[in-house]
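Undergrad: mmCIF, C-alpha atoms, pLDDT in the B column; chains and numbers go by the auth columns, saved as coords-v1.cif, coming up:
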```cif
data_model
loop_
_atom_site.group_PDB
_atom_site.id
_atom_site.type_symbol
_atom_site.label_atom_id
_atom_site.label_comp_id
_atom_site.label_asym_id
_atom_site.label_seq_id
_atom_site.Cartn_x
_atom_site.Cartn_y
_atom_site.Cartn_z
_atom_site.B_iso_or_equiv
_atom_site.auth_seq_id
_atom_site.auth_asym_id
ATOM 1 C CA GLU A 1 111.175 84.323 115.152 87.00 1 A
ATOM 2 C CA ILE A 2 113.759 85.820 112.793 92.00 2 A
ATOM 3 C CA ARG A 3 112.112 84.016 109.852 91.00 3 A
ATOM 4 C CA GLY A 4 108.808 85.685 110.775 94.00 4 A
ATOM 5 C CA LYS A 5 110.460 89.125 110.726 96.00 5 A
ATOM 6 C CA PHE A 6 111.998 88.387 107.318 96.00 6 A
ATOM 7 C CA ASN A 7 108.614 87.264 105.967 95.00 7 A
ATOM 8 C CA GLN A 8 106.978 90.494 107.248 96.00 8 A
ATOM 9 C CA LEU A 9 109.618 92.568 105.457 97.00 9 A
ATOM 10 C CA ARG A 10 109.383 90.417 102.330 97.00 10 A
ATOM 11 C CA ALA A 11 105.605 90.947 102.105 97.00 11 A
ATOM 12 C CA LYS A 12 105.993 94.728 102.433 97.00 12 A
ATOM 13 C CA ILE A 13 108.799 94.856 99.849 97.00 13 A
ATOM 14 C CA LEU A 14 106.770 92.859 97.319 97.00 14 A
ATOM 15 C CA GLU A 15 103.936 95.405 97.661 97.00 15 A
ATOM 16 C CA LEU A 16 106.211 98.130 96.255 97.00 16 A
ATOM 17 C CA PRO A 17 105.663 98.827 92.533 96.00 17 A
ATOM 18 C CA GLU A 18 107.692 96.829 89.968 95.00 18 A
ATOM 19 C CA VAL A 19 109.782 94.894 92.500 97.00 19 A
ATOM 20 C CA ILE A 20 111.416 91.654 91.395 96.00 20 A
ATOM 21 C CA GLU A 21 112.580 89.056 93.927 96.00 21 A
ATOM 22 C CA LYS A 22 115.760 87.164 93.072 94.00 22 A
ATOM 23 C CA ALA A 23 115.634 84.263 95.537 88.00 23 A
ATOM 24 C CA GLN A 24 117.633 81.642 93.639 83.00 24 A
ATOM 25 C CA GLN A 25 120.988 82.814 94.988 83.00 25 A
ATOM 26 C CA LYS A 26 123.484 80.909 97.139 82.00 26 A
ATOM 27 C CA SER A 27 123.655 83.144 100.187 83.00 27 A
ATOM 28 C CA GLY A 28 120.653 85.447 100.122 92.00 28 A
ATOM 29 C CA VAL A 29 117.718 87.159 98.471 95.00 29 A
ATOM 30 C CA THR A 30 117.928 90.361 96.411 95.00 30 A
ATOM 31 C CA TYR A 31 115.113 92.772 95.552 96.00 31 A
ATOM 32 C CA ARG A 32 115.314 95.091 92.570 95.00 32 A
ATOM 33 C CA THR A 33 113.460 97.176 90.035 94.00 33 A
ATOM 34 C CA THR A 34 115.857 98.545 87.415 91.00 34 A
ATOM 35 C CA LYS A 35 118.620 98.311 90.057 94.00 35 A
ATOM 36 C CA SER A 36 119.020 96.300 93.246 95.00 36 A
ATOM 37 C CA PHE A 37 117.994 98.202 96.359 97.00 37 A
ATOM 38 C CA VAL A 38 118.189 95.626 99.169 97.00 38 A
ATOM 39 C CA ARG A 39 119.782 92.239 99.786 97.00 39 A
ATOM 40 C CA PHE A 40 119.198 89.855 102.677 97.00 40 A
ATOM 41 C CA GLU A 41 122.053 87.530 103.661 95.00 41 A
ATOM 42 C CA PHE A 42 121.214 84.870 106.206 94.00 42 A
ATOM 43 C CA ARG A 43 123.381 84.135 109.237 92.00 43 A
ATOM 44 C CA PRO A 44 122.728 81.556 111.981 90.00 44 A
ATOM 45 C CA THR A 45 121.193 84.019 114.484 93.00 45 A
ATOM 46 C CA TRP A 46 120.580 87.198 112.464 96.00 46 A
ATOM 47 C CA ILE A 47 120.070 88.511 108.919 96.00 47 A
ATOM 48 C CA GLN A 48 122.357 91.015 107.239 97.00 48 A
ATOM 49 C CA VAL A 49 120.289 93.620 105.374 98.00 49 A
ATOM 50 C CA LEU A 50 122.373 95.402 102.728 97.00 50 A
ATOM 51 C CA LEU A 51 121.162 98.814 101.521 97.00 51 A
ATOM 52 C CA ARG A 52 122.289 101.147 98.720 96.00 52 A
ATOM 53 C CA ASP A 53 123.449 104.086 100.844 96.00 53 A
ATOM 54 C CA PRO A 54 125.743 104.337 103.894 96.00 54 A
ATOM 55 C CA LYS A 55 123.263 106.526 105.816 94.00 55 A
ATOM 56 C CA TYR A 56 119.652 107.663 105.725 95.00 56 A
ATOM 57 C CA LYS A 57 117.986 110.819 107.030 90.00 57 A
ATOM 58 C CA SER A 58 115.329 108.933 108.965 90.00 58 A
ATOM 59 C CA ASP A 59 117.831 106.607 110.683 96.00 59 A
ATOM 60 C CA THR A 60 117.375 108.238 114.086 95.00 60 A
ATOM 61 C CA GLN A 61 118.443 105.020 115.839 96.00 61 A
ATOM 62 C CA LYS A 62 121.715 104.986 113.848 96.00 62 A
ATOM 63 C CA LEU A 63 121.307 101.327 112.845 97.00 63 A
ATOM 64 C CA VAL A 64 122.835 101.645 109.366 97.00 64 A
ATOM 65 C CA LYS A 65 126.532 100.787 109.354 97.00 65 A
ATOM 66 C CA ASP A 66 128.719 102.161 106.549 97.00 66 A
ATOM 67 C CA VAL A 67 130.164 99.183 104.639 96.00 67 A
ATOM 68 C CA THR A 68 131.337 101.126 101.563 93.00 68 A
ATOM 69 C CA SER A 69 134.916 99.853 101.965 94.00 69 A
ATOM 70 C CA ASN A 70 133.769 96.215 101.606 91.00 70 A
ATOM 71 C CA GLU A 71 132.998 96.874 97.901 88.00 71 A
ATOM 72 C CA TRP A 72 129.861 94.671 97.950 86.00 72 A
ATOM 73 C CA GLY A 73 127.964 97.088 95.711 89.00 73 A
ATOM 74 C CA TYR A 74 125.928 98.096 98.766 95.00 74 A
ATOM 75 C CA LYS A 75 127.103 100.870 101.057 97.00 75 A
ATOM 76 C CA GLY A 76 124.918 100.367 104.131 97.00 76 A
ATOM 77 C CA MET A 77 124.183 97.397 106.372 97.00 77 A
ATOM 78 C CA VAL A 78 121.668 96.727 109.153 97.00 78 A
ATOM 79 C CA LYS A 79 121.476 93.656 111.375 97.00 79 A
ATOM 80 C CA LEU A 80 118.000 92.123 111.552 97.00 80 A
ATOM 81 C CA THR A 81 117.667 90.289 114.875 96.00 81 A
ATOM 82 C CA PRO A 82 114.684 88.871 116.792 94.00 82 A
ATOM 83 C CA ASP A 83 114.526 92.194 118.705 94.00 83 A
ATOM 84 C CA SER A 84 114.491 94.393 115.579 95.00 84 A
ATOM 85 C CA ASP A 85 111.625 96.756 114.774 96.00 85 A
ATOM 86 C CA THR A 86 110.509 95.605 111.303 96.00 86 A
ATOM 87 C CA ASP A 87 108.598 98.838 110.602 97.00 87 A
ATOM 88 C CA TYR A 88 111.742 100.870 111.277 97.00 88 A
ATOM 89 C CA ILE A 89 113.897 98.615 109.080 97.00 89 A
ATOM 90 C CA PHE A 90 111.274 98.690 106.316 98.00 90 A
ATOM 91 C CA SER A 91 111.385 102.505 106.387 97.00 91 A
ATOM 92 C CA LEU A 92 115.134 102.269 105.633 97.00 92 A
ATOM 93 C CA ILE A 93 114.519 99.709 102.876 97.00 93 A
ATOM 94 C CA LYS A 94 111.853 101.958 101.357 97.00 94 A
ATOM 95 C CA GLN A 95 114.310 104.876 101.266 96.00 95 A
ATOM 96 C CA SER A 96 116.814 102.614 99.507 97.00 96 A
ATOM 97 C CA TYR A 97 114.061 101.684 97.019 97.00 97 A
ATOM 98 C CA GLU A 98 113.169 105.350 96.447 95.00 98 A
ATOM 99 C CA SER A 99 116.823 106.211 95.783 94.00 99 A
ATOM 100 C CA ILE A 100 116.777 104.124 92.586 91.00 100 A
ATOM 101 C CA LEU A 101 113.603 105.595 91.103 87.00 101 A
#
```
Can you present the structure in this file as structure tokens?
TA:
Amino acid sequence: EIRGKFNQLRAKILELPEVIEKAQQKSGVTYRTTKSFVRFEFRPTWIQVLLRDPKYKSDTQKLVKDVTSNEWGYKGMVKLTPDSDTDYIFSLIKQSYESIL
């Protein structure tokens, strides 16, 4: 079920202009144009979605957690679980994408 949600998000991300998928990484998949805007890291029961910013205007559900202090190069994180709304999470990913244009 979680794989299906990832594949839905992956398809939407790849429809964005000039996106490159970097899948040959040890622990995850990164998407970028001139800069990386989202990274998926796979866990046994959920997927960690790393975003560029610690918060987003449209995050009415307050899903984005500030992970700036972890110094990963990403400042926001969302957990993708089987119960997650992929459209909502994609809206956050799209804002991260737009922040690098």
Undergrad: Can you pull out every residue within 6 Å of Gln48 in chain A, counting all atoms listed in the file, but drop anything in the same chain fewer than 3 positions away, and send it as a PyMOL selection string?
TA: chain A and resi 40-41+79
Undergrad: May I ask for the distance between CA of Thr45 in chain A and CA of Met77 in chain A, given in Å to one decimal place?
TA: 15.9 Å
Undergrad: Go ahead and find all residues with at least one atom no further than 12 Å from (130.2, 103.5, 104.2) in the file's coordinates, using all atoms listed in the file; report them as a list in words.
TA: Leu50, Leu51, Arg52, Asp53, Pro54, Lys55, Tyr56, Val64, Lys65, Asp66, Val67, Thr68, Ser69, Asn70, Glu71, Trp72, Gly73, Tyr74, Lys75, Gly76, Met77 and Val78 of chain A
Undergrad: Would you save the residues of that selection, restricted to C-alpha atoms, as a CSV table (one decimal), in the frame of the given file?
TA:
```
chain,number,residue,atom,x,y,z
A,50,LEU,CA,122.4,95.4,102.7
A,51,LEU,CA,121.2,98.8,101.5
A,52,ARG,CA,122.3,101.1,98.7
A,53,ASP,CA,123.4,104.1,100.8
A,54,PRO,CA,125.7,104.3,103.9
A,55,LYS,CA,123.3,106.5,105.8
A,56,TYR,CA,119.7,107.7,105.7
A,64,VAL,CA,122.8,101.6,109.4
A,65,LYS,CA,126.5,100.8,109.4
A,66,ASP,CA,128.7,102.2,106.5
A,67,VAL,CA,130.2,99.2,104.6
A,68,THR,CA,131.3,101.1,101.6
A,69,SER,CA,134.9,99.9,102.0
A,70,ASN,CA,133.8,96.2,101.6
A,71,GLU,CA,133.0,96.9,97.9
A,72,TRP,CA,129.9,94.7,98.0
A,73,GLY,CA,128.0,97.1,95.7
A,74,TYR,CA,125.9,98.1,98.8
A,75,LYS,CA,127.1,100.9,101.1
A,76,GLY,CA,124.9,100.4,104.1
A,77,MET,CA,124.2,97.4,106.4
A,78,VAL,CA,121.7,96.7,109.2
```
Undergrad: Would you mind telling me which residue in A:Ile47, A:Leu80, A:Leu92, A:Leu63 lies nearest to Ile13 in chain A when using only C-alpha atoms?
TA: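 For Ile13 in chain A, the nearest of the candidates is A:Leu92.
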Undergrad: Ranking A:Leu14, A:Ile89, A:Ile2, A:Ile100 by minimum distance to Phe42 in chain A and counting all atoms listed in the file, which one comes first?
TA: A:Ile2
Undergrad: So how many Å separate CA of Glu15 in chain A and CA of Lys62 in chain A, to one decimal?
TA: 25.9 Å
Undergrad: Could you check the closest approach to Ala23 in chain A for each of A:Pro44, A:Lys35, A:Thr81, A:Arg10 and tell me which residue wins, using all atoms listed in the file?
TA: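 Ranked by minimum distance to Ala23 in chain A, first place goes to A:Arg10.
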Undergrad: As an exercise, work out the distance from CA of Val38 in chain A to CA of Ile93 in chain A in Å and give it to one decimal place.
TA: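 These atoms are spaced 6.6 Å apart.
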Undergrad: Quick one: apply the PyMOL selection byres ((chain A and resi 18) around 9) to the file and drop the selected residues here as a PyMOL selection string.
TA: chain A and resi 14-17+19-20+32-34
Undergrad: Please dump the current selection as a PDB file, in the frame of the given file; keep C-alpha atoms.
TA:
```
ATOM      1  CA  LEU A  14     106.770  92.859  97.319  1.00 97.00           C
ATOM      2  CA  GLU A  15     103.936  95.405  97.661  1.00 97.00           C
ATOM      3  CA  LEU A  16     106.211  98.130  96.255  1.00 97.00           C
ATOM      4  CA  PRO A  17     105.663  98.827  92.533  1.00 96.00           C
ATOM      5  CA  VAL A  19     109.782  94.894  92.500  1.00 97.00           C
ATOM      6  CA  ILE A  20     111.416  91.654  91.395  1.00 96.00           C
ATOM      7  CA  ARG A  32     115.314  95.091  92.570  1.00 95.00           C
ATOM      8  CA  THR A  33     113.460  97.176  90.035  1.00 94.00           C
ATOM      9  CA  THR A  34     115.857  98.545  87.415  1.00 91.00           C
TER      10      THR A  34
END
```
Undergrad: Of the residues A:Asp83, A:Gly28, A:Lys57, A:Phe37, which is the one nearest to Glu98 in chain A, using all atoms listed in the file?
TA: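 Nearest to Glu98 in chain A: A:Phe37.
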Undergrad: Using all atoms listed in the file, which protein or nucleic acid residues come within 10 Å of Asp87 in chain A? Drop anything in the same chain fewer than 2 positions from it, and give the result as a list in words.
TA: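 The residues satisfying every condition are Lys5, Gln8, Leu9, Lys12, Ser84, Asp85, Ile89, Phe90, Ser91, Leu92 and Ile93 of chain A.
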Undergrad: Between A:Gln61, A:Trp46, A:Gln95, A:Lys22, which is the closest to Pro82 in chain A once you count only C-alpha atoms?
TA: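 Of A:Gln61, A:Trp46, A:Gln95, A:Lys22, the one nearest Pro82 in chain A, counting only C-alpha atoms, is A:Trp46.
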Undergrad: Missing atoms in range 33-61 of chain A: fill them in up to N, CA and C atoms and send the result as a PDB file, in the frame of the given file.
TA:
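What landed in rebuild.pdb:
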```pdb
ATOM      1  N   THR A  33     114.335  96.718  91.113  1.00 94.00           N
ATOM      2  CA  THR A  33     113.460  97.176  90.035  1.00 94.00           C
ATOM      3  C   THR A  33     114.405  97.245  88.838  1.00 94.00           C
ATOM      4  N   THR A  34     114.830  98.440  88.447  1.00 91.00           N
ATOM      5  CA  THR A  34     115.857  98.545  87.415  1.00 91.00           C
ATOM      6  C   THR A  34     117.244  98.304  88.008  1.00 91.00           C
ATOM      7  N   LYS A  35     117.374  98.551  89.317  1.00 94.00           N
ATOM      8  CA  LYS A  35     118.620  98.311  90.057  1.00 94.00           C
ATOM      9  C   LYS A  35     118.267  97.631  91.376  1.00 94.00           C
ATOM     10  N   SER A  36     119.224  96.921  91.935  1.00 95.00           N
ATOM     11  CA  SER A  36     119.020  96.300  93.246  1.00 95.00           C
ATOM     12  C   SER A  36     118.972  97.382  94.313  1.00 95.00           C
ATOM     13  N   PHE A  37     118.070  97.213  95.285  1.00 97.00           N
ATOM     14  CA  PHE A  37     117.994  98.202  96.359  1.00 97.00           C
ATOM     15  C   PHE A  37     118.123  97.587  97.746  1.00 97.00           C
ATOM     16  N   VAL A  38     117.983  96.276  97.872  1.00 97.00           N
ATOM     17  CA  VAL A  38     118.189  95.626  99.169  1.00 97.00           C
ATOM     18  C   VAL A  38     118.552  94.166  98.945  1.00 97.00           C
ATOM     19  N   ARG A  39     119.389  93.651  99.821  1.00 97.00           N
ATOM     20  CA  ARG A  39     119.782  92.239  99.786  1.00 97.00           C
ATOM     21  C   ARG A  39     119.776  91.712 101.214  1.00 97.00           C
ATOM     22  N   PHE A  40     119.195  90.535 101.383  1.00 97.00           N
ATOM     23  CA  PHE A  40     119.198  89.855 102.677  1.00 97.00           C
ATOM     24  C   PHE A  40     120.181  88.700 102.603  1.00 97.00           C
ATOM     25  N   GLU A  41     121.121  88.652 103.558  1.00 95.00           N
ATOM     26  CA  GLU A  41     122.053  87.530 103.661  1.00 95.00           C
ATOM     27  C   GLU A  41     121.841  86.887 105.017  1.00 95.00           C
ATOM     28  N   PHE A  42     121.631  85.586 105.006  1.00 94.00           N
ATOM     29  CA  PHE A  42     121.214  84.870 106.206  1.00 94.00           C
ATOM     30  C   PHE A  42     122.405  84.338 106.994  1.00 94.00           C
ATOM     31  N   ARG A  43     122.379  84.606 108.282  1.00 92.00           N
ATOM     32  CA  ARG A  43     123.381  84.135 109.237  1.00 92.00           C
ATOM     33  C   ARG A  43     122.667  83.223 110.235  1.00 92.00           C
ATOM     34  N   PRO A  44     123.393  82.478 111.048  1.00 90.00           N
ATOM     35  CA  PRO A  44     122.728  81.556 111.981  1.00 90.00           C
ATOM     36  C   PRO A  44     121.741  82.217 112.958  1.00 90.00           C
ATOM     37  N   THR A  45     122.061  83.403 113.474  1.00 93.00           N
ATOM     38  CA  THR A  45     121.193  84.019 114.484  1.00 93.00           C
ATOM     39  C   THR A  45     120.670  85.398 114.094  1.00 93.00           C
ATOM     40  N   TRP A  46     121.029  85.886 112.910  1.00 96.00           N
ATOM     41  CA  TRP A  46     120.580  87.198 112.464  1.00 96.00           C
ATOM     42  C   TRP A  46     120.617  87.251 110.942  1.00 96.00           C
ATOM     43  N   ILE A  47     120.060  88.313 110.369  1.00 96.00           N
ATOM     44  CA  ILE A  47     120.070  88.511 108.919  1.00 96.00           C
ATOM     45  C   ILE A  47     120.743  89.841 108.615  1.00 96.00           C
ATOM     46  N   GLN A  48     121.678  89.802 107.687  1.00 97.00           N
ATOM     47  CA  GLN A  48     122.357  91.015 107.239  1.00 97.00           C
ATOM     48  C   GLN A  48     121.511  91.645 106.136  1.00 97.00           C
ATOM     49  N   VAL A  49     121.095  92.891 106.347  1.00 98.00           N
ATOM     50  CA  VAL A  49     120.289  93.620 105.374  1.00 98.00           C
ATOM     51  C   VAL A  49     121.200  94.665 104.727  1.00 98.00           C
ATOM     52  N   LEU A  50     121.500  94.474 103.444  1.00 97.00           N
ATOM     53  CA  LEU A  50     122.373  95.402 102.728  1.00 97.00           C
ATOM     54  C   LEU A  50     121.525  96.419 101.978  1.00 97.00           C
ATOM     55  N   LEU A  51     121.894  97.694 102.122  1.00 97.00           N
ATOM     56  CA  LEU A  51     121.162  98.814 101.521  1.00 97.00           C
ATOM     57  C   LEU A  51     122.080  99.596 100.589  1.00 97.00           C
ATOM     58  N   ARG A  52     121.510 100.408  99.719  1.00 96.00           N
ATOM     59  CA  ARG A  52     122.289 101.147  98.720  1.00 96.00           C
ATOM     60  C   ARG A  52     123.173 102.247  99.295  1.00 96.00           C
ATOM     61  N   ASP A  53     122.726 102.915 100.340  1.00 96.00           N
ATOM     62  CA  ASP A  53     123.449 104.086 100.844  1.00 96.00           C
ATOM     63  C   ASP A  53     124.018 103.837 102.244  1.00 96.00           C
ATOM     64  N   PRO A  54     125.114 104.538 102.591  1.00 96.00           N
ATOM     65  CA  PRO A  54     125.743 104.337 103.894  1.00 96.00           C
ATOM     66  C   PRO A  54     125.003 104.994 105.057  1.00 96.00           C
ATOM     67  N   LYS A  55     124.076 105.920 104.752  1.00 94.00           N
ATOM     68  CA  LYS A  55     123.263 106.526 105.816  1.00 94.00           C
ATOM     69  C   LYS A  55     121.975 107.069 105.234  1.00 94.00           C
ATOM     70  N   TYR A  56     120.979 107.195 106.115  1.00 95.00           N
ATOM     71  CA  TYR A  56     119.652 107.663 105.725  1.00 95.00           C
ATOM     72  C   TYR A  56     119.174 108.713 106.712  1.00 95.00           C
ATOM     73  N   LYS A  57     118.472 109.711 106.196  1.00 90.00           N
ATOM     74  CA  LYS A  57     117.986 110.819 107.030  1.00 90.00           C
ATOM     75  C   LYS A  57     117.119 110.339 108.185  1.00 90.00           C
ATOM     76  N   SER A  58     116.265 109.371 107.923  1.00 90.00           N
ATOM     77  CA  SER A  58     115.329 108.933 108.965  1.00 90.00           C
ATOM     78  C   SER A  58     115.924 107.907 109.927  1.00 90.00           C
ATOM     79  N   ASP A  59     117.199 107.591 109.797  1.00 96.00           N
ATOM     80  CA  ASP A  59     117.831 106.607 110.683  1.00 96.00           C
ATOM     81  C   ASP A  59     118.192 107.249 112.024  1.00 96.00           C
ATOM     82  N   THR A  60     117.169 107.581 112.787  1.00 95.00           N
ATOM     83  CA  THR A  60     117.375 108.238 114.086  1.00 95.00           C
ATOM     84  C   THR A  60     118.012 107.303 115.098  1.00 95.00           C
ATOM     85  N   GLN A  61     117.848 105.992 114.918  1.00 96.00           N
ATOM     86  CA  GLN A  61     118.443 105.020 115.839  1.00 96.00           C
ATOM     87  C   GLN A  61     119.879 104.657 115.445  1.00 96.00           C
TER      88      GLN A  61
END
```
